[in-house]
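A short worksheet on the structure shown next.
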Amino acid sequence: MTAQDVRAPETRGAGDGGERAVRRARWARGVRLAVLAAFVVVFLIPVYVLLVTSFKPLTEADPSRAWALPETWTFEPWRVAWEKLAPGIANSVLLAVPGSLISAVLGSMNGYVLSKWRFPGADVVFTLFLFGMFIPYQGVMIPLVQLLVNLNELTGLNGVFYGGIPGLVLAHVVYGIPICTLIFRNYYVTIPDEIIEAARVDGAGMLRTYRSVVLPVSGPAFAVVVIWQFTALWNDFLFAVFLTGPQSWPTTVMLNNIAGAQTVPYSQQMAAALLASIPTMVVYVLLGRFFMRGLMAGALKG
Amino acid sequence: MTRVRRWLPGLLLVAPSIAAIAVFVYGMLGWNFRLAMTDKHDEISEGSFVGLENFIGLWDQQRWHLSVNHAIVFTAVFVGGALVLGWLLAFLMEKGIRGEGTFRAIYLFPMAISFVATGVVWRWLMNSGTGERAVGLNRLLDGLGLEFLQWQWFRDPDWGMAAMAVPAIWQMSGYVMALFLAGFRGVPEELREAARVDGCTEWDVYRRIVLPMLRPVTLSALIILGHISLKAFDLIVAVSGKQIITDVPAVFMWVAVFDSHDPAKGATIAAYIVIAVSVFVIPYLVWSLRKERRS
């Protein structure tokens, strides 16, 4: 007997009662839709402001016109913002592309071993990794700066580790290990052990099994991790502000300098903010599905 | 011997990462705590061990009290606001609604943008000018005939940090929504149906069945929001810079390192942030690992 059968007599008993329930359900759905739509408007207010302001000529920079559409649309703020921000964007590309790729490779190897080629104490190692995901980076920042300064001196490569992109990549890769390992591990757990075992029985070693069995199905996990790390590296401000100098400032630091200067008009600040957000927004729009999975991985383990 | 040969390659492959985490996470945390227990108050001196002197001395500074109070207000408003809003959005979408994908995408997109970029627009929105000089939200309130609601936003001496939490809520509540939505969807439909058959009203079903099953998700959301809140740095710097009126420990630490050039003080503040986060993250990790092992 299904639930439907149980409820049937009741519905039959009160003919227009059922109709009323339907009407009430429709009404409730309408209210829900209206509230959700209202929140969409609230969520998009900052986007409206950014766009509208970024196309305004300086002559329209008046409080009374703050929320109005520009009377004459101009690309001038965008042009100026691009000129100011371009070096930062170049640095961010040099940071985020290699950084996210290295992170993904490391995460994949770690996740594989910790789920399919386990060694004694693998659980403890994994737990200790996880704590690294939650530490406030302020707690390692001063020693990290010191270490990178020492590396500069040791190698004689001035402005490479401390004050350079390579040092920033190093930091992001290392502190990205926990989350990348977690995502890959949780993905690999779903591969049946029998397949791995079969490869083992056939005499395949660890790397061979990885290459021929695990790697070919790793595409989605790579997408999740690369997108996650790309977004994190592109948007990072804390590490950048501690570890880089004027030559290696990424987008976020340059944007903050532009926005922090009282002399820069709002139109240019907002155009710069939009420019700085384009890469991650494009990734979000095109690959949002993978972005979501990365987000969930940070919260729901196992 | 054969058993060792079985797991040794795995250990070797992970060894670089283990070494990196050991040095960069645990080694440096330890290094930071040691530095916090010295009197290295400039960049040249060696610094000798002074025990907990810095940890105690910090509480004599008014700025430290201010920044801790700010962090508490910010955390309370941000965590509470994001939880409630995220839950509400998920609750409204839970039973499926036309255009769900679009709604979700819009609520979540702020997550893809840096706090620095959103800080630019929120600084404009929360501009403290009123009357003729009002821009941003104050101007909007004026236009809506609600000019009595105009206020100083993050420049308000008492509740400025509550205003500062608004952009953070805007940025993170979509994430909380996604978590709760996954939680809602994790409740088996048969369970709800069974309760309805037993004569439960929709409200009862929600209170007795759905709500208890959302507890783990709520806990995860709390932990994530809480640890983001205690480290809050980007957003505050982007909106108001280093102003004391919005000072929090993370910004204070930055000032101690770069402006006061006092490594020991910076390390002490950092240590306090680590302790504050660890107090609830470590039990959470232990709890979730136990849960995983049980299942």
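Scheme for the structure tokens: letters A, B, ... for chains in order shown; per-chain residue numbers from 1; ligand numbers from 1 in order shown.
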
### Task
Write down, as a list in words, each residue of chain A that has any atom within 6 Å of an atom of chain B, counting only C-alpha atoms.
Arg32, Pro63, Ala66, Asn110, Val113, Trp117, Phe119, Pro136, Gln138, Gly139, Val140, Pro143, Asn235, Ala273, Ser277, Thr280 and Ala299 of chain A

### Message
Can you pull out every residue from range 43-273 of chain B that DSSP, working from the backbone, puts in helix (DSSP H, G or I), and format the result as an NGL selection string?
### Response
:B and (53-60 or 62-93 or 100-112 or 115-125 or 131-133 or 136-143 or 147-149 or 153-155 or 160-185 or 189-197 or 202-213 or 215-230 or 234-240 or 244-246 or 249-258 or 263-273)

### Message
Which residue is closest to Trp228 in chain A? Choose from A:Pro216, A:Pro279, A:Gly245, A:Gly176 and count only C-alpha atoms.
### Response
A:Gly176

### Message
What's the separation between CA of His172 in chain A and CA of Tyr137 in chain A, in Å to one decimal place?
### Response
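About the pair CA of His172 in chain A and CA of Tyr137 in chain A: they are 10.8 Å apart.
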
### Query
Looking at A:Ile135, A:Val124, A:Val160, A:Ile89, which one is nearest to Trp249 in chain A, with distances taken over only C-alpha atoms?
A:Ile89

## Note on the structure
Students should find that CA of Glu53 in chain B and CA of Thr38 in chain B are spaced 8.4 Å

### Task
Might you pull out every residue within 10 Å of Gln269 in chain A, with only C-alpha atoms counted and same-chain residues fewer than 4 positions away left off, and present them as a PyMOL selection string?
(chain A and resi 50+53-54+77-78+80-81+255-261+264-265+273-275) or (chain B and resi 117+120-121)

Just-selected residues, N, CA and C atoms written as a PDB file, in the first residue's frame:
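To be explicit, this is the file written out as result-v8.pdb:
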ATOM      1  N   LEU A  50      28.193  49.177  -9.680  1.00  0.00           N
ATOM      2  CA  LEU A  50      29.495  49.040 -10.334  1.00  0.00           C
ATOM      3  C   LEU A  50      29.397  49.393 -11.810  1.00  0.00           C
ATOM      4  N   THR A  53      28.210  53.202 -12.506  1.00  0.00           N
ATOM      5  CA  THR A  53      29.220  54.195 -12.152  1.00  0.00           C
ATOM      6  C   THR A  53      30.421  54.121 -13.082  1.00  0.00           C
ATOM      7  N   SER A  54      30.769  52.900 -13.501  1.00  0.00           N
ATOM      8  CA  SER A  54      31.990  52.744 -14.291  1.00  0.00           C
ATOM      9  C   SER A  54      31.857  53.363 -15.685  1.00  0.00           C
ATOM     10  N   PRO A  77      36.666  55.688 -18.105  1.00  0.00           N
ATOM     11  CA  PRO A  77      37.125  55.095 -16.836  1.00  0.00           C
ATOM     12  C   PRO A  77      37.720  53.702 -17.029  1.00  0.00           C
ATOM     13  N   TRP A  78      37.142  52.926 -17.923  1.00  0.00           N
ATOM     14  CA  TRP A  78      37.661  51.582 -18.179  1.00  0.00           C
ATOM     15  C   TRP A  78      39.068  51.646 -18.773  1.00  0.00           C
ATOM     16  N   VAL A  80      41.327  54.059 -18.449  1.00  0.00           N
ATOM     17  CA  VAL A  80      42.285  54.479 -17.422  1.00  0.00           C
ATOM     18  C   VAL A  80      42.533  53.333 -16.434  1.00  0.00           C
ATOM     19  N   ALA A  81      41.439  52.677 -16.027  1.00  0.00           N
ATOM     20  CA  ALA A  81      41.569  51.577 -15.065  1.00  0.00           C
ATOM     21  C   ALA A  81      42.439  50.462 -15.630  1.00  0.00           C
ATOM     22  N   LEU A 255      44.499  46.931  -7.086  1.00  0.00           N
ATOM     23  CA  LEU A 255      43.133  47.459  -7.006  1.00  0.00           C
ATOM     24  C   LEU A 255      42.936  48.194  -5.690  1.00  0.00           C
ATOM     25  N   ASN A 256      43.430  47.607  -4.614  1.00  0.00           N
ATOM     26  CA  ASN A 256      43.283  48.246  -3.315  1.00  0.00           C
ATOM     27  C   ASN A 256      44.040  49.566  -3.263  1.00  0.00           C
ATOM     28  N   ASN A 257      45.203  49.616  -3.926  1.00  0.00           N
ATOM     29  CA  ASN A 257      45.945  50.884  -3.970  1.00  0.00           C
ATOM     30  C   ASN A 257      45.187  51.939  -4.766  1.00  0.00           C
ATOM     31  N   ILE A 258      44.603  51.501  -5.893  1.00  0.00           N
ATOM     32  CA  ILE A 258      43.833  52.444  -6.717  1.00  0.00           C
ATOM     33  C   ILE A 258      42.626  52.946  -5.925  1.00  0.00           C
ATOM     34  N   ALA A 259      41.927  52.014  -5.302  1.00  0.00           N
ATOM     35  CA  ALA A 259      40.691  52.371  -4.606  1.00  0.00           C
ATOM     36  C   ALA A 259      40.982  53.156  -3.330  1.00  0.00           C
ATOM     37  N   GLY A 260      42.158  52.908  -2.724  1.00  0.00           N
ATOM     38  CA  GLY A 260      42.474  53.582  -1.472  1.00  0.00           C
ATOM     39  C   GLY A 260      42.901  55.026  -1.678  1.00  0.00           C
ATOM     40  N   ALA A 261      43.318  55.360  -2.921  1.00  0.00           N
ATOM     41  CA  ALA A 261      43.762  56.731  -3.177  1.00  0.00           C
ATOM     42  C   ALA A 261      42.544  57.634  -3.303  1.00  0.00           C
ATOM     43  N   VAL A 264      41.459  59.140  -6.894  1.00  0.00           N
ATOM     44  CA  VAL A 264      40.922  58.384  -8.029  1.00  0.00           C
ATOM     45  C   VAL A 264      39.403  58.462  -8.026  1.00  0.00           C
ATOM     46  N   PRO A 265      38.779  58.927  -9.116  1.00  0.00           N
ATOM     47  CA  PRO A 265      37.320  59.032  -9.125  1.00  0.00           C
ATOM     48  C   PRO A 265      36.652  57.659  -9.030  1.00  0.00           C
ATOM     49  N   ALA A 273      37.511  47.577 -10.350  1.00  0.00           N
ATOM     50  CA  ALA A 273      36.968  46.445  -9.595  1.00  0.00           C
ATOM     51  C   ALA A 273      36.334  45.431 -10.541  1.00  0.00           C
ATOM     52  N   LEU A 274      35.633  45.936 -11.551  1.00  0.00           N
ATOM     53  CA  LEU A 274      35.015  45.028 -12.527  1.00  0.00           C
ATOM     54  C   LEU A 274      36.077  44.289 -13.330  1.00  0.00           C
ATOM     55  N   LEU A 275      37.083  45.029 -13.782  1.00  0.00           N
ATOM     56  CA  LEU A 275      38.173  44.405 -14.548  1.00  0.00           C
ATOM     57  C   LEU A 275      38.825  43.287 -13.731  1.00  0.00           C
TER      58      LEU A 275
ATOM     59  N   ALA B 117      37.519  43.614  -4.427  1.00  0.00           N
ATOM     60  CA  ALA B 117      36.675  44.203  -5.471  1.00  0.00           C
ATOM     61  C   ALA B 117      35.313  44.596  -4.907  1.00  0.00           C
ATOM     62  N   VAL B 120      35.250  47.813  -2.843  1.00  0.00           N
ATOM     63  CA  VAL B 120      35.192  49.089  -3.560  1.00  0.00           C
ATOM     64  C   VAL B 120      33.755  49.585  -3.630  1.00  0.00           C
ATOM     65  N   VAL B 121      32.850  48.708  -4.044  1.00  0.00           N
ATOM     66  CA  VAL B 121      31.475  49.154  -4.217  1.00  0.00           C
ATOM     67  C   VAL B 121      30.766  49.322  -2.875  1.00  0.00           C
TER      68      VAL B 121
END

Can you pull out the residues contacting Phe242 in chain A? Cut-off 9 Å, using only C-alpha atoms, and skip same-chain residues under 2 positions away; I want them as a PDB file with N, CA and C atoms, in the first residue's frame.
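As written to disk, around.pdb reads:
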ATOM      1  N   MET A 141      52.439  33.936   9.075  1.00  0.00           N
ATOM      2  CA  MET A 141      52.900  34.954   8.136  1.00  0.00           C
ATOM      3  C   MET A 141      54.284  35.510   8.467  1.00  0.00           C
ATOM      4  N   ILE A 142      54.516  35.825   9.737  1.00  0.00           N
ATOM      5  CA  ILE A 142      55.805  36.434  10.079  1.00  0.00           C
ATOM      6  C   ILE A 142      56.959  35.445   9.831  1.00  0.00           C
ATOM      7  N   VAL A 145      57.484  35.145   5.993  1.00  0.00           N
ATOM      8  CA  VAL A 145      58.234  36.275   5.431  1.00  0.00           C
ATOM      9  C   VAL A 145      59.722  36.078   5.720  1.00  0.00           C
ATOM     10  N   GLY A 163      59.058  39.051  -2.123  1.00  0.00           N
ATOM     11  CA  GLY A 163      58.898  40.170  -3.043  1.00  0.00           C
ATOM     12  C   GLY A 163      58.751  39.742  -4.492  1.00  0.00           C
ATOM     13  N   PHE A 237      44.385  38.334  -1.118  1.00  0.00           N
ATOM     14  CA  PHE A 237      44.926  39.649  -0.786  1.00  0.00           C
ATOM     15  C   PHE A 237      45.944  39.538   0.348  1.00  0.00           C
ATOM     16  N   LEU A 238      45.643  38.681   1.314  1.00  0.00           N
ATOM     17  CA  LEU A 238      46.460  38.587   2.523  1.00  0.00           C
ATOM     18  C   LEU A 238      47.914  38.200   2.219  1.00  0.00           C
ATOM     19  N   PHE A 239      48.115  37.067   1.535  1.00  0.00           N
ATOM     20  CA  PHE A 239      49.480  36.642   1.217  1.00  0.00           C
ATOM     21  C   PHE A 239      50.173  37.693   0.355  1.00  0.00           C
ATOM     22  N   ALA A 240      49.416  38.211  -0.618  1.00  0.00           N
ATOM     23  CA  ALA A 240      50.011  39.148  -1.566  1.00  0.00           C
ATOM     24  C   ALA A 240      50.532  40.386  -0.852  1.00  0.00           C
ATOM     25  N   THR A 244      54.561  40.338  -1.408  1.00  0.00           N
ATOM     26  CA  THR A 244      54.994  40.906  -2.686  1.00  0.00           C
ATOM     27  C   THR A 244      55.382  42.370  -2.545  1.00  0.00           C
ATOM     28  N   GLY A 245      56.098  42.839  -3.545  1.00  0.00           N
ATOM     29  CA  GLY A 245      56.484  44.243  -3.610  1.00  0.00           C
ATOM     30  C   GLY A 245      55.913  44.872  -4.872  1.00  0.00           C
TER      31      GLY A 245
ATOM     32  N   TRP B 254      48.666  43.331  11.106  1.00  0.00           N
ATOM     33  CA  TRP B 254      49.297  43.885   9.905  1.00  0.00           C
ATOM     34  C   TRP B 254      49.995  45.212  10.234  1.00  0.00           C
ATOM     35  N   PHE B 258      53.985  45.968   9.841  1.00  0.00           N
ATOM     36  CA  PHE B 258      54.472  46.866   8.787  1.00  0.00           C
ATOM     37  C   PHE B 258      54.642  48.309   9.232  1.00  0.00           C
TER      38      PHE B 258
END

#### Entry: Residues near Asn138 in chain B, cut-off 8 Å, only C-alpha atoms, skip fewer than 3 positions along chain, as a VMD selection string
chain B and resid 125 to 130 134 to 135 141 to 142 147 149 to 151

Please dump the current selection as a compact mmCIF listing (two decimals), in the first residue's frame; keep all heavy atoms.
# COMPACT_ATOMS: atom_id res chain seq x y z
N LEU B 125 28.64 52.31 -1.31
CA LEU B 125 27.27 52.11 -0.84
C LEU B 125 27.10 52.57 0.60
O LEU B 125 26.08 53.13 0.98
CB LEU B 125 26.87 50.63 -0.95
CG LEU B 125 26.53 50.13 -2.35
CD1 LEU B 125 26.48 48.60 -2.38
CD2 LEU B 125 25.18 50.69 -2.82
N MET B 126 28.12 52.30 1.42
CA MET B 126 28.01 52.62 2.86
C MET B 126 28.70 53.94 3.18
O MET B 126 29.17 54.14 4.30
CB MET B 126 28.59 51.48 3.69
CG MET B 126 27.88 50.16 3.46
SD MET B 126 28.20 48.92 4.72
CE MET B 126 29.93 48.66 4.53
N ASN B 127 28.75 54.83 2.21
CA ASN B 127 29.33 56.14 2.44
C ASN B 127 28.58 56.85 3.56
O ASN B 127 27.35 56.80 3.63
CB ASN B 127 29.27 56.95 1.15
CG ASN B 127 30.10 58.21 1.24
OD1 ASN B 127 29.81 59.10 2.02
ND2 ASN B 127 31.15 58.28 0.44
N SER B 128 29.35 57.52 4.44
CA SER B 128 28.71 58.07 5.64
C SER B 128 28.07 59.43 5.42
O SER B 128 27.42 59.96 6.31
CB SER B 128 29.73 58.15 6.77
OG SER B 128 30.80 58.95 6.35
N GLY B 129 28.26 60.01 4.23
CA GLY B 129 27.66 61.33 3.98
C GLY B 129 26.15 61.28 4.10
O GLY B 129 25.51 60.30 3.71
N THR B 130 25.57 62.35 4.67
CA THR B 130 24.11 62.39 4.78
C THR B 130 23.60 63.69 4.15
O THR B 130 24.39 64.55 3.75
CB THR B 130 23.66 62.34 6.26
OG1 THR B 130 24.37 63.33 6.98
CG2 THR B 130 23.90 60.98 6.86
N ALA B 134 24.82 63.00 0.58
CA ALA B 134 24.61 61.55 0.64
C ALA B 134 24.77 60.91 -0.74
O ALA B 134 24.24 61.38 -1.72
CB ALA B 134 23.22 61.27 1.19
N VAL B 135 25.57 59.83 -0.78
CA VAL B 135 25.57 58.97 -1.95
C VAL B 135 25.21 57.58 -1.45
O VAL B 135 24.81 57.40 -0.30
CB VAL B 135 26.95 58.93 -2.66
CG1 VAL B 135 27.28 60.27 -3.27
CG2 VAL B 135 28.04 58.49 -1.71
N LEU B 141 18.03 55.71 0.54
CA LEU B 141 17.05 55.87 1.61
C LEU B 141 16.33 57.20 1.48
O LEU B 141 15.12 57.30 1.67
CB LEU B 141 17.74 55.78 2.98
CG LEU B 141 18.26 54.40 3.38
CD1 LEU B 141 19.14 54.50 4.62
CD2 LEU B 141 17.12 53.44 3.63
N ASP B 142 17.09 58.22 1.13
CA ASP B 142 16.52 59.55 0.92
C ASP B 142 15.47 59.49 -0.19
O ASP B 142 14.36 60.00 -0.05
CB ASP B 142 17.64 60.52 0.55
CG ASP B 142 17.14 61.94 0.44
OD1 ASP B 142 16.66 62.45 1.46
OD2 ASP B 142 17.19 62.50 -0.67
N GLU B 147 14.71 58.99 4.92
CA GLU B 147 15.98 59.65 5.27
C GLU B 147 16.30 59.57 6.76
O GLU B 147 17.46 59.68 7.14
CB GLU B 147 16.02 61.10 4.76
CG GLU B 147 14.95 62.03 5.33
CD GLU B 147 13.63 61.90 4.59
OE1 GLU B 147 13.57 61.14 3.60
OE2 GLU B 147 12.64 62.53 4.99
N LEU B 149 16.47 57.02 8.36
CA LEU B 149 17.29 55.82 8.56
C LEU B 149 18.75 56.03 8.18
O LEU B 149 19.59 55.17 8.40
CB LEU B 149 16.73 54.66 7.73
CG LEU B 149 15.48 53.97 8.27
CD1 LEU B 149 15.05 52.87 7.32
CD2 LEU B 149 15.74 53.38 9.65
N GLN B 150 19.04 57.18 7.57
CA GLN B 150 20.43 57.44 7.20
C GLN B 150 21.33 57.38 8.43
O GLN B 150 20.97 57.91 9.48
CB GLN B 150 20.55 58.83 6.59
CG GLN B 150 19.91 58.94 5.21
CD GLN B 150 20.15 60.31 4.60
OE1 GLN B 150 20.59 61.22 5.27
NE2 GLN B 150 19.86 60.43 3.32
N TRP B 151 22.45 56.74 8.28
CA TRP B 151 23.39 56.74 9.39
C TRP B 151 24.81 56.65 8.86
O TRP B 151 25.05 56.72 7.66
CB TRP B 151 23.07 55.66 10.43
CG TRP B 151 23.25 54.23 9.97
CD1 TRP B 151 22.75 53.69 8.82
CD2 TRP B 151 23.96 53.18 10.63
NE1 TRP B 151 23.10 52.37 8.74
CE2 TRP B 151 23.83 52.03 9.83
CE3 TRP B 151 24.67 53.10 11.83
CZ2 TRP B 151 24.42 50.80 10.20
CZ3 TRP B 151 25.24 51.88 12.19
CH2 TRP B 151 25.10 50.76 11.37

### Message
Taking 5 positions as the minimum chain separation for residues in the same chain, which residues sit within 8 Å of Leu114 in chain A when counting only C-alpha atoms? Answer as a PyMOL selection string.
### Response
chain A and resi 119+122-123+126+185

### Query
Expressed in Å to a single decimal, how great is the separation between CA of Ala104 in chain A and CA of Leu207 in chain A?
16.6 Å
